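Worksheet for the structure shown next.
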Amino acid sequence: MSNKDIEYTTVSEVAGPLMIVDGIKDVAYNEIVKIKTSFGEERTGQVLEAFTNKVIVQVFEGTKGLDTEKTSARFIGETMKLGISKDMLGRVFDGTGNPIDDAPPIIPEDRRDINGNPINPYAREYPRKFIQTGISTIDGLNTLVRGQKLPLFSGSGLPHNNLAAQIARQAKVIGKKEKFAVVFCAMGITSEEANLFIKDFENTGALERTTMFLNLADDPTIERIILPRMALTCAEYLAFDLDMQVLVILTDLTNYAEALREIAAAREEVPGRRGYPGYMYTDLATIYERAGRIKGKKGSITQIPLLTMPDDDITHPIPDLTGYITEGQIVLERGLHKKGIYPPIAVLPCLSRLMDRGIGKDRTREDHAGVSNQLYAAYAEGCDLRDLVAIVGEDALSERDRKFLKFADEFEKRFVAQGDHEDRSIEQTLTIGWELFSSLPTSELKKIDEKYIKKYLPKVEKIRS
Amino acid sequence: MSKKILKGKIVRISGPVIEANSMRGAKMYDVVRVGDENLIGEIIRLNEDVVTIQVYEDTNGLKPGEKVVSTDMPLSVELGPGLLTNIYDGIQRPLPTIYDETGDFIERGVETNAIDRKKKWHFKPTIKAGDKVKGCDILGEVQETSIILHKIMVPPDIEGTLLSIEKEGKFTVEDDIAIIKTDQGNLKLQMLQKWPVRKARPVKEKYDPSIPLITGQRVIDTFFPVAKGGTAAIPGGFGTGKTVMLHQLAKWSDAQVVIYVGCGERGNEMTDVLKEFPELKDPKTGESLMNRTVLIANTSNMPVAARDASVYTGITIAEYYRDMGFDVALMADSTSRLAEAMREISGRLEEMPGEEGYPAYLASRLAEFYERAGRVKLLGSKDKEGSVSVMGAVSPPGGDFSEPVAQNTLRIVKVFWALDSDLADRRHFPSINWLKSYSLYLDEISSWWNKDVGENWLQLRNKAMALLQKESELQEIVKLVGPDALPPKERALLESARMIREDFLQQSAFHDIDTYCPEKKQYEMLRIMSKFSDLIQNAVEKNVHMDDIISIKSRESIARMGTVPNKDFEKRFEKVENDLENEIESLIREVK
Ligand SMILES: Nc1ncnc2c1ncn2[C@@H]1O[C@H](COP(=O)(O)OP(=O)(O)O)[C@@H](O)[C@H]1O
Ligand SMILES: [Mg+2]
């Protein structure tokens with residue numbers, strides 16, 4: 001008799017999200033376990049540690065109600081798999097991959113291990129294709145490209161959901177009509193937050209091109225460990241089997257990390273920083289590194305993970321480890337939000353690591369890099385002067401410095417701030433940049449090539465005068 | 001004598017760490033094959049007949065009861081022609097071969113040689129039968145790439161008389177090319193050799209480094225230089241520029257061979273190197289940079305147990321090319337991932353954790369790694385030199401350098417490039433903080449600069465440094481009273497310091513020209529800026545107004561010196577210098 005048919009009732013210990021089953025044999029590491037409680041409820045678990053005759057199992061739906069007498073476990077002989085099909089578009093799944101909309105179950109074309117395999121660096125194609133989000137601080141200063149992983153670092157109560165929805169709504173590659181899809185993966189967010197996205201997808205007609213994996217705030221926490229892996233398995237299928245341009249929105253990674261910590265604590269592991277497991281970097285990498293492009297394939301996976309920084313602290317392990325893996329970050333700031341600026345993107349700590357090769361002539365515009373560097377330098381200088389003025393007053397500043405001070409304010413008002421349905425083209429974004437430069441002495445525009453200054457500055461100056 | 005093959009059974013699996021029994025007799029650090037798929041692992045603990053193994057491949061789906069077989073060999077790398085231009089995983093499997101076998105995604109259980117067995121190389125002997133030979137003596141040569149003449153050497157631990165050697169011709173790496181008579185009998189040698197990665201290749205003697213490794217990066221070469229055979233660490237929070245800097249060093253350093261190890265970092269960064277290096281030309285030889293490069297990639301999503309193997313594989317290959325007499329540079333991005341992997345494995349072994357959960361042996365492991373750098377007198381009958389320079393990134397949590405990996409590294413290395421997120425935020429790149437960084441090679445290499453580049457190099461550099469130091473003191477005052485309250489001399493000093501910061505220290509890695517700045521150009525730039533400082537000090541003393549100084553035209557042309565083409569910068573700089581002198585002179589005249 002194979003293990004698949006045996007119902008072991010030898011649960012010896014239950015602790016936190018974990019359960020130990022004794023007297024078993026032939027069970028693999030990471031194998032999936034079907035659990036039946038004494039009152040007949042089915043649950044799913046996964047082997048975290050395998051010994052010759054016992055296993056430690058993490059139970060996705062939690063261990064409440066399990067006992068060491070009647071609870072039974074059946075080992076299904078394989079690791080976690082997701083049935084995939086193109087019919088997954090337009091559908092909604094729960095934390096264990098079962099459909100929760102009213103439509104019939106899907107008939108899988110293939111079943112794939114949700115852990116996936118690492119993309120061979122030799123097989124990767126370097127992402128360079130500019131995605132226009134219509135948001136100036138992103139397009140102009142922290143350009144997103146296809147196949148990038150670019151997270152939003154936010155704080156509780158900031159409008160990160162609106163911003164993510166706006167990106168999903170406006171994102172496009174100029175000049176091309178291609179098959180696109182959205183994979184939306186919600187980990188522990190409220191149904192209200194999830195609805196914001198769903199409504200937006202509905203309004204723009206993107207819903208039928210969207211696959212949703214939902215684990216909401218009141219759903220079992222441990223499921224959050226497998227949810228992004230299922231979502232990305234689906235995304236890989238859409239991108240690399242079906243040639244689609246896939247945008248994956250993962251929200252909220254902070255809830256994911258909490259679930260990871262819960263398991264580590266239950267296993268009494270030596271904790272790393274602030275109680276998070278020492279392997280959290282590697283674990284997060286196995287999620288984020290699933291973004292990208294592959295040589296010879298049309299499709300791509302672009303990831304926008306959202307996370308809320310506990311206490312707005314960017315050095316907290318969750319944003320910190322994320323930033324070490326992702327290709328940049330967009331940082332939202334409470335100060336700007338309070339000033340009424342939407343999107344409240346704190347430009348200075350933002351970064352897009354793939355920008356340099358995604359912009360310029362034939363991609364965005366020849367002056368793009370210079371404009372971006374100059375905006376950064378001038379804004380940073382203006383911000384310094386703000387701090388100075390707070391102490392010594394504006395009178396102590398030179399004429400030059402006053403211009404930079406004013407520049408910083410104008411930059412926030414005109415470049416950073418925009419409507420949540422305002423979709424700016426890259427030309428519009430760069431033009432705003434040049435308009436802002438026209439208030440500075442030309443000799444201070446050292447970051448821009450002289451020939452672009454000659455070409456672009458007079459245009460905006462003409463309009464001004 | 002044939003040995004009994006040691007074979008045991010898996011009894012426990014916990015992520016990348018497994019235990020197997022019936023393994024009495026197995027040796028520490030021997031390589032084993034694990035499970036039905038023959039995954040590769042390494043023994044890291046012995047306890048009675050139970051061994052603990054770290055597995056270099058994903059253990060998903062592995063079962064207790066499956067077999068474990070010892071290979072009775074320590075983890076070793078293959079050495080020989082064919083290493084250059086290749087990209088390997090952490091245990092030296094070529095990624096292109098894995099790609100051919102398993103496609104876009106890396107699957108496990110791939111068995112492949114590091115070096116192509118079929119390819120024939122044109123071998124040319126350089127010694128003759130009857131010659132006495134010692135370890136690392138050169139038997140012959142192979143043109144491995146257009147720029148690297150690969151030396152085929154006697155393995156380090158062998159000594160004897162050459163009985164015979166093949167004539168010039170084409171051979172595979174496994175063909176016998178020579179026979180040596182040793183005390184243990186006759187030994188056939190091939191071009192292919194193996195060496196255990198955890199054992200440093202022996203040398204006669206270590207020298208003090210005295211020649212700079214020229215990198216074309218101003219803030220490094222002029223301010224915080226590293227020597228050939230030296231060690232440097234580049235710690236910084238995420239996004240501060242570690243990777244871009246290591247890429248810059250890999251591209252432009254005047255080493256002859258470059259080993260780049262991507263340890264626990266992004267896949268796209270390796271792809272970037274793979275794409276870009278073949279198209280870039282070495283400024284000294286004009287040849288494609290890829291022809292001198294070996295890449296090793298154990299990216300963050302690849303098995304964590306192979307992190308330290310990747311670094312050891314890299315340094316062993318580096319030593320091998322050093323033994324041929326080359327100057328080799330190795331970059332490791334990032335050593336923190338190596339330390340974290342050690343922490344993870346150590347946790348699974350339930351070892352007593354040290355500081356922040358890292359094992360107590362963290363410091364000694366890091367030291368062992370950096371100790372393999374050096375400028376050395378090579379083994380062999382002739383006294384030859386070679387060097388391995390090592391530059392490692394450190395990724396401190398929260399960008400806070402007080403953590404164990406950064407601290408332990410700084411105790412070992414001689415150069416510290418402190419990256420600063422404030423500078424990175426304002427796009428001051430490279431964001432190396434000039435007040436916190438240091439180089440302990442300055443004095444040793446200054447004579448090289450003075451002799452080869454320009455007189456009084458060290459004084460010039462120290463004067464600029466003093467200017468920056470003074471600037472930071474003055475800025476404290478400015479914060480309280482505003483810039484207007486400073487006397488003109490100090491305001492002039494602030495302007496000069498600003499010029500050094502913005503126009504010398506900053507250097508864009510992405511600008512076609514500025515990405516690489518030859519040493520002579522660096523020297524001239526700094527000399528002109530230093531002159532600017534002297535001239536305007538003199539001018540304000542003669543009552544020239546600061547506002548007039550700020551608006552001189554030369555200030556802008558000085559700012560653009562970095563982007564003046566490297567070919568004819570001398571003429572252009574001469575004009576900049578003349579204009580500067582004239583402008584200041586006429587300002588002084590106007591006052592009178
Ligand atoms: N020397 C440089 N010149 C221009 N830009 C740079 C330079 N160094 C870093 N950058 C910018 O900073 C970004 C982050 O650098 P990176 O080396 O990836 O950081 P880290 O490895 O420290 O996380 C790069 O994508 C690039 O935009
Ligand atoms: Mg990096």
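Letters for chains follow the order of the structure tokens (A, B, ...), residue numbers begin at 1 for each chain, and ligand numbers begin at 1 in the order shown.
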
Compute the set of protein, DNA and RNA residues whose minimum atom distance to ligand 2 is at most 10 Å, using only C-alpha atoms and all ligand atoms, and state it as a PDB file with N, CA and C atoms, in the first residue's frame.
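Heads up, here's the output in selection-v9.pdb:
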```pdb
ATOM      1  N   GLY A 323      14.810  45.822  -0.389  1.00  0.00           N
ATOM      2  CA  GLY A 323      15.612  46.745  -1.182  1.00  0.00           C
ATOM      3  C   GLY A 323      16.924  46.140  -1.649  1.00  0.00           C
ATOM      4  N   TYR A 324      17.441  45.187  -0.864  1.00  0.00           N
ATOM      5  CA  TYR A 324      18.671  44.510  -1.259  1.00  0.00           C
ATOM      6  C   TYR A 324      18.447  43.546  -2.418  1.00  0.00           C
ATOM      7  N   ILE A 325      17.174  43.195  -2.662  1.00  0.00           N
ATOM      8  CA  ILE A 325      16.902  42.212  -3.718  1.00  0.00           C
ATOM      9  C   ILE A 325      16.272  42.850  -4.963  1.00  0.00           C
ATOM     10  N   THR A 326      15.354  43.775  -4.724  1.00  0.00           N
ATOM     11  CA  THR A 326      14.602  44.326  -5.851  1.00  0.00           C
ATOM     12  C   THR A 326      15.469  45.294  -6.649  1.00  0.00           C
ATOM     13  N   GLU A 327      14.967  45.662  -7.814  1.00  0.00           N
ATOM     14  CA  GLU A 327      15.736  46.555  -8.674  1.00  0.00           C
ATOM     15  C   GLU A 327      15.319  48.002  -8.465  1.00  0.00           C
ATOM     16  N   ARG A 353      17.054  50.767 -10.546  1.00  0.00           N
ATOM     17  CA  ARG A 353      18.369  50.300 -10.973  1.00  0.00           C
ATOM     18  C   ARG A 353      18.428  49.971 -12.450  1.00  0.00           C
TER      19      ARG A 353
ATOM     20  N   GLY B 236      27.953  49.187   2.138  1.00  0.00           N
ATOM     21  CA  GLY B 236      26.941  50.214   1.929  1.00  0.00           C
ATOM     22  C   GLY B 236      25.548  49.620   1.914  1.00  0.00           C
ATOM     23  N   GLY B 237      24.579  50.416   2.342  1.00  0.00           N
ATOM     24  CA  GLY B 237      23.185  49.990   2.299  1.00  0.00           C
ATOM     25  C   GLY B 237      22.747  49.744   0.868  1.00  0.00           C
ATOM     26  N   PHE B 238      21.522  49.285   0.695  1.00  0.00           N
ATOM     27  CA  PHE B 238      21.103  48.969  -0.672  1.00  0.00           C
ATOM     28  C   PHE B 238      20.983  50.248  -1.494  1.00  0.00           C
ATOM     29  N   GLY B 239      21.395  50.139  -2.744  1.00  0.00           N
ATOM     30  CA  GLY B 239      21.277  51.283  -3.638  1.00  0.00           C
ATOM     31  C   GLY B 239      22.369  52.316  -3.484  1.00  0.00           C
ATOM     32  N   THR B 240      23.416  52.020  -2.733  1.00  0.00           N
ATOM     33  CA  THR B 240      24.461  53.028  -2.567  1.00  0.00           C
ATOM     34  C   THR B 240      25.553  52.890  -3.628  1.00  0.00           C
ATOM     35  N   GLY B 241      25.542  51.801  -4.384  1.00  0.00           N
ATOM     36  CA  GLY B 241      26.498  51.731  -5.488  1.00  0.00           C
ATOM     37  C   GLY B 241      27.578  50.671  -5.368  1.00  0.00           C
ATOM     38  N   LYS B 242      27.364  49.654  -4.559  1.00  0.00           N
ATOM     39  CA  LYS B 242      28.362  48.585  -4.423  1.00  0.00           C
ATOM     40  C   LYS B 242      28.559  47.860  -5.751  1.00  0.00           C
ATOM     41  N   THR B 243      27.444  47.433  -6.311  1.00  0.00           N
ATOM     42  CA  THR B 243      27.541  46.611  -7.518  1.00  0.00           C
ATOM     43  C   THR B 243      28.095  47.405  -8.695  1.00  0.00           C
ATOM     44  N   VAL B 244      27.604  48.632  -8.864  1.00  0.00           N
ATOM     45  CA  VAL B 244      28.100  49.442  -9.971  1.00  0.00           C
ATOM     46  C   VAL B 244      29.607  49.635  -9.817  1.00  0.00           C
ATOM     47  N   MET B 245      30.062  49.872  -8.596  1.00  0.00           N
ATOM     48  CA  MET B 245      31.503  50.066  -8.393  1.00  0.00           C
ATOM     49  C   MET B 245      32.283  48.789  -8.687  1.00  0.00           C
ATOM     50  N   LEU B 246      31.794  47.663  -8.209  1.00  0.00           N
ATOM     51  CA  LEU B 246      32.520  46.415  -8.496  1.00  0.00           C
ATOM     52  C   LEU B 246      32.525  46.128  -9.999  1.00  0.00           C
ATOM     53  N   HIS B 247      31.431  46.448 -10.674  1.00  0.00           N
ATOM     54  CA  HIS B 247      31.423  46.294 -12.131  1.00  0.00           C
ATOM     55  C   HIS B 247      32.462  47.223 -12.764  1.00  0.00           C
ATOM     56  N   GLY B 262      29.407  36.712  -8.318  1.00  0.00           N
ATOM     57  CA  GLY B 262      28.099  37.210  -7.873  1.00  0.00           C
ATOM     58  C   GLY B 262      27.581  36.237  -6.846  1.00  0.00           C
ATOM     59  N   GLY B 264      24.987  35.523  -4.100  1.00  0.00           N
ATOM     60  CA  GLY B 264      23.726  35.823  -3.425  1.00  0.00           C
ATOM     61  C   GLY B 264      23.124  37.141  -3.851  1.00  0.00           C
ATOM     62  N   GLU B 265      23.417  37.615  -5.071  1.00  0.00           N
ATOM     63  CA  GLU B 265      22.823  38.869  -5.531  1.00  0.00           C
ATOM     64  C   GLU B 265      21.929  38.621  -6.742  1.00  0.00           C
ATOM     65  N   ARG B 266      21.645  39.672  -7.524  1.00  0.00           N
ATOM     66  CA  ARG B 266      20.601  39.565  -8.544  1.00  0.00           C
ATOM     67  C   ARG B 266      21.037  38.841  -9.826  1.00  0.00           C
ATOM     68  N   GLU B 269      22.037  41.203 -12.720  1.00  0.00           N
ATOM     69  CA  GLU B 269      23.359  41.825 -12.668  1.00  0.00           C
ATOM     70  C   GLU B 269      24.410  40.947 -13.355  1.00  0.00           C
ATOM     71  N   ASP B 333      30.598  40.022  -4.797  1.00  0.00           N
ATOM     72  CA  ASP B 333      29.381  40.806  -4.495  1.00  0.00           C
ATOM     73  C   ASP B 333      28.282  39.815  -4.143  1.00  0.00           C
ATOM     74  N   SER B 334      27.991  39.606  -2.876  1.00  0.00           N
ATOM     75  CA  SER B 334      28.432  40.329  -1.714  1.00  0.00           C
ATOM     76  C   SER B 334      28.868  39.364  -0.634  1.00  0.00           C
ATOM     77  N   ALA B 393      32.181  43.399  -1.574  1.00  0.00           N
ATOM     78  CA  ALA B 393      31.074  44.238  -1.122  1.00  0.00           C
ATOM     79  C   ALA B 393      30.567  43.689   0.210  1.00  0.00           C
ATOM     80  N   VAL B 394      30.098  44.595   1.054  1.00  0.00           N
ATOM     81  CA  VAL B 394      29.450  44.199   2.299  1.00  0.00           C
ATOM     82  C   VAL B 394      28.095  44.888   2.320  1.00  0.00           C
ATOM     83  N   SER B 395      27.058  44.140   2.682  1.00  0.00           N
ATOM     84  CA  SER B 395      25.694  44.687   2.660  1.00  0.00           C
ATOM     85  C   SER B 395      25.122  44.714   4.075  1.00  0.00           C
TER      86      SER B 395
END
```

Sorted per-residue table, chain B near chain A, closest atoms and distance, 6 Å, only C-alpha atoms, as JSON lines:
```
{"residue": "B:Val11", "atom": "CA", "partner": "A:Thr52", "partner_atom": "CA", "distance": 5.1}
{"residue": "B:Arg12", "atom": "CA", "partner": "A:Phe51", "partner_atom": "CA", "distance": 4.3}
{"residue": "B:Ile13", "atom": "CA", "partner": "A:Ala50", "partner_atom": "CA", "distance": 5.1}
{"residue": "B:Ser14", "atom": "CA", "partner": "A:Glu49", "partner_atom": "CA", "distance": 4.9}
{"residue": "B:Asn60", "atom": "CA", "partner": "A:Tyr29", "partner_atom": "CA", "distance": 5.7}
{"residue": "B:Gly61", "atom": "CA", "partner": "A:Ala28", "partner_atom": "CA", "distance": 4.9}
{"residue": "B:Leu62", "atom": "CA", "partner": "A:Ala28", "partner_atom": "CA", "distance": 5.2}
{"residue": "B:Lys63", "atom": "CA", "partner": "A:Ala28", "partner_atom": "CA", "distance": 4.2}
{"residue": "B:Pro64", "atom": "CA", "partner": "A:Thr52", "partner_atom": "CA", "distance": 5.2}
{"residue": "B:Asp104", "atom": "CA", "partner": "A:Ala123", "partner_atom": "CA", "distance": 5.3}
{"residue": "B:Phe105", "atom": "CA", "partner": "A:Ile119", "partner_atom": "CA", "distance": 4.4}
{"residue": "B:Ile106", "atom": "CA", "partner": "A:Asn120", "partner_atom": "CA", "distance": 5.5}
{"residue": "B:Phe238", "atom": "CA", "partner": "A:Tyr324", "partner_atom": "CA", "distance": 5.1}
{"residue": "B:Gly267", "atom": "CA", "partner": "A:Pro121", "partner_atom": "CA", "distance": 5.2}
{"residue": "B:Thr271", "atom": "CA", "partner": "A:Pro121", "partner_atom": "CA", "distance": 5.7}
{"residue": "B:Ser300", "atom": "CA", "partner": "A:Ala285", "partner_atom": "CA", "distance": 5.7}
{"residue": "B:Asn301", "atom": "CA", "partner": "A:Thr286", "partner_atom": "CA", "distance": 4.9}
{"residue": "B:Gly398", "atom": "CA", "partner": "A:Thr315", "partner_atom": "CA", "distance": 4.3}
{"residue": "B:Asp425", "atom": "CA", "partner": "A:Leu348", "partner_atom": "CA", "distance": 4.8}
{"residue": "B:Arg426", "atom": "CA", "partner": "A:Ala380", "partner_atom": "CA", "distance": 5.4}
{"residue": "B:Lys479", "atom": "CA", "partner": "A:Leu388", "partner_atom": "CA", "distance": 5.8}
{"residue": "B:Val481", "atom": "CA", "partner": "A:Val392", "partner_atom": "CA", "distance": 5.8}
{"residue": "B:Gly482", "atom": "CA", "partner": "A:Ala396", "partner_atom": "CA", "distance": 5.4}
{"residue": "B:Asp484", "atom": "CA", "partner": "A:Ala396", "partner_atom": "CA", "distance": 5.8}
```

Would you mind exporting the chosen residues as a compact mmCIF listing (two decimals), in the first residue's frame, restricted to N, CA, C and O atoms?
```
# COMPACT_ATOMS: atom_id res chain seq x y z
N VAL B 11 18.83 10.23 6.89
CA VAL B 11 17.93 10.05 8.03
C VAL B 11 17.20 11.34 8.42
O VAL B 11 16.25 11.31 9.19
N ARG B 12 17.64 12.47 7.89
CA ARG B 12 16.97 13.73 8.24
C ARG B 12 17.18 14.74 7.13
O ARG B 12 18.27 14.81 6.56
N ILE B 13 16.15 15.53 6.82
CA ILE B 13 16.28 16.59 5.83
C ILE B 13 15.69 17.86 6.41
O ILE B 13 14.53 17.89 6.82
N SER B 14 16.49 18.89 6.46
CA SER B 14 16.01 20.19 6.93
C SER B 14 16.57 21.24 5.98
O SER B 14 17.69 21.68 6.13
N ASN B 60 14.11 19.87 -2.26
CA ASN B 60 12.68 19.61 -2.41
C ASN B 60 12.41 18.17 -2.84
O ASN B 60 12.95 17.71 -3.84
N GLY B 61 11.55 17.48 -2.09
CA GLY B 61 11.14 16.16 -2.56
C GLY B 61 12.11 15.03 -2.21
O GLY B 61 11.83 13.87 -2.49
N LEU B 62 13.22 15.38 -1.59
CA LEU B 62 14.18 14.36 -1.16
C LEU B 62 13.56 13.56 0.00
O LEU B 62 12.82 14.12 0.81
N LYS B 63 13.91 12.25 0.10
CA LYS B 63 13.29 11.42 1.14
C LYS B 63 14.32 10.78 2.05
O LYS B 63 15.34 10.30 1.56
N PRO B 64 14.02 10.68 3.35
CA PRO B 64 14.85 9.86 4.21
C PRO B 64 14.85 8.44 3.65
O PRO B 64 13.85 7.98 3.11
N ASP B 104 15.64 27.21 -19.79
CA ASP B 104 15.68 28.53 -19.18
C ASP B 104 15.83 28.49 -17.66
O ASP B 104 16.36 29.42 -17.06
N PHE B 105 15.30 27.43 -17.06
CA PHE B 105 15.35 27.34 -15.60
C PHE B 105 16.36 26.27 -15.20
O PHE B 105 16.51 25.27 -15.87
N ILE B 106 17.04 26.54 -14.07
CA ILE B 106 18.06 25.59 -13.63
C ILE B 106 17.41 24.44 -12.89
O ILE B 106 16.79 24.65 -11.85
N PHE B 238 21.52 49.29 0.70
CA PHE B 238 21.10 48.97 -0.67
C PHE B 238 20.98 50.25 -1.49
O PHE B 238 20.59 51.29 -1.00
N GLY B 267 20.09 38.11 -10.39
CA GLY B 267 20.35 37.43 -11.65
C GLY B 267 20.64 38.41 -12.77
O GLY B 267 21.56 38.22 -13.56
N THR B 271 23.58 38.87 -15.83
CA THR B 271 23.22 39.01 -17.24
C THR B 271 23.82 40.27 -17.83
O THR B 271 24.31 40.29 -18.95
N SER B 300 20.84 35.10 -5.70
CA SER B 300 20.11 34.98 -4.43
C SER B 300 19.08 33.86 -4.44
O SER B 300 18.73 33.34 -3.39
N ASN B 301 18.57 33.52 -5.62
CA ASN B 301 17.56 32.46 -5.66
C ASN B 301 18.17 31.09 -5.96
O ASN B 301 17.46 30.11 -6.06
N GLY B 398 20.20 47.58 7.25
CA GLY B 398 19.86 48.95 7.58
C GLY B 398 20.98 49.93 7.28
O GLY B 398 20.95 51.07 7.73
N ASP B 425 21.43 59.25 -2.26
CA ASP B 425 20.10 59.87 -2.40
C ASP B 425 20.15 61.12 -3.27
O ASP B 425 19.24 61.42 -4.01
N ARG B 426 21.24 61.87 -3.14
CA ARG B 426 21.34 63.09 -3.94
C ARG B 426 22.09 62.83 -5.24
O ARG B 426 22.50 63.75 -5.93
N LYS B 479 25.73 76.01 9.28
CA LYS B 479 24.43 75.56 9.75
C LYS B 479 23.88 76.47 10.83
O LYS B 479 22.66 76.58 11.02
N VAL B 481 25.01 79.89 11.37
CA VAL B 481 24.99 81.33 11.09
C VAL B 481 24.70 81.67 9.63
O VAL B 481 24.54 82.83 9.29
N GLY B 482 24.65 80.65 8.77
CA GLY B 482 24.43 80.94 7.35
C GLY B 482 25.73 81.24 6.64
O GLY B 482 26.70 81.64 7.27
N ASP B 484 26.58 83.57 4.53
CA ASP B 484 26.96 84.97 4.36
C ASP B 484 27.84 85.48 5.48
O ASP B 484 28.59 86.43 5.30
```

Q: Counting only C-alpha atoms and all ligand atoms, figure out which residue out of B:Pro487, B:Pro235, B:Gly314, B:Pro359 gets nearest to ligand 1.
A: B:Pro235

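Non-sequential neighbours of Asp409 (chain A) (distance at most 10 Å, separation of 4 or more positions within a chain, only C-alpha atoms) are Tyr379, Gly382, Cys383, Arg386, Phe404, Leu405, Lys413, Arg414 and Phe415 of chain A.
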
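Ranking B:Tyr99, B:Phe429, B:Tyr441, B:Trp457 by their shortest atom-to-atom distance to ligand 1, with only C-alpha atoms and all ligand atoms included, puts B:Phe429 first.
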
Q) What's the 12 Å shell around Lys120 (chain B), counting only C-alpha atoms, without same-chain residues fewer than 5 positions away, as a PyMOL selection string? A) chain B and resi 81-82+115+142-144+169-175+191

Q) Near Asp110 (chain A), counting only C-alpha atoms, which residues have an atom at most 10 Å away, once you skip same-chain residues fewer than 6 positions from it, shown as a ChimeraX atom specification? A) /A:81-85,237
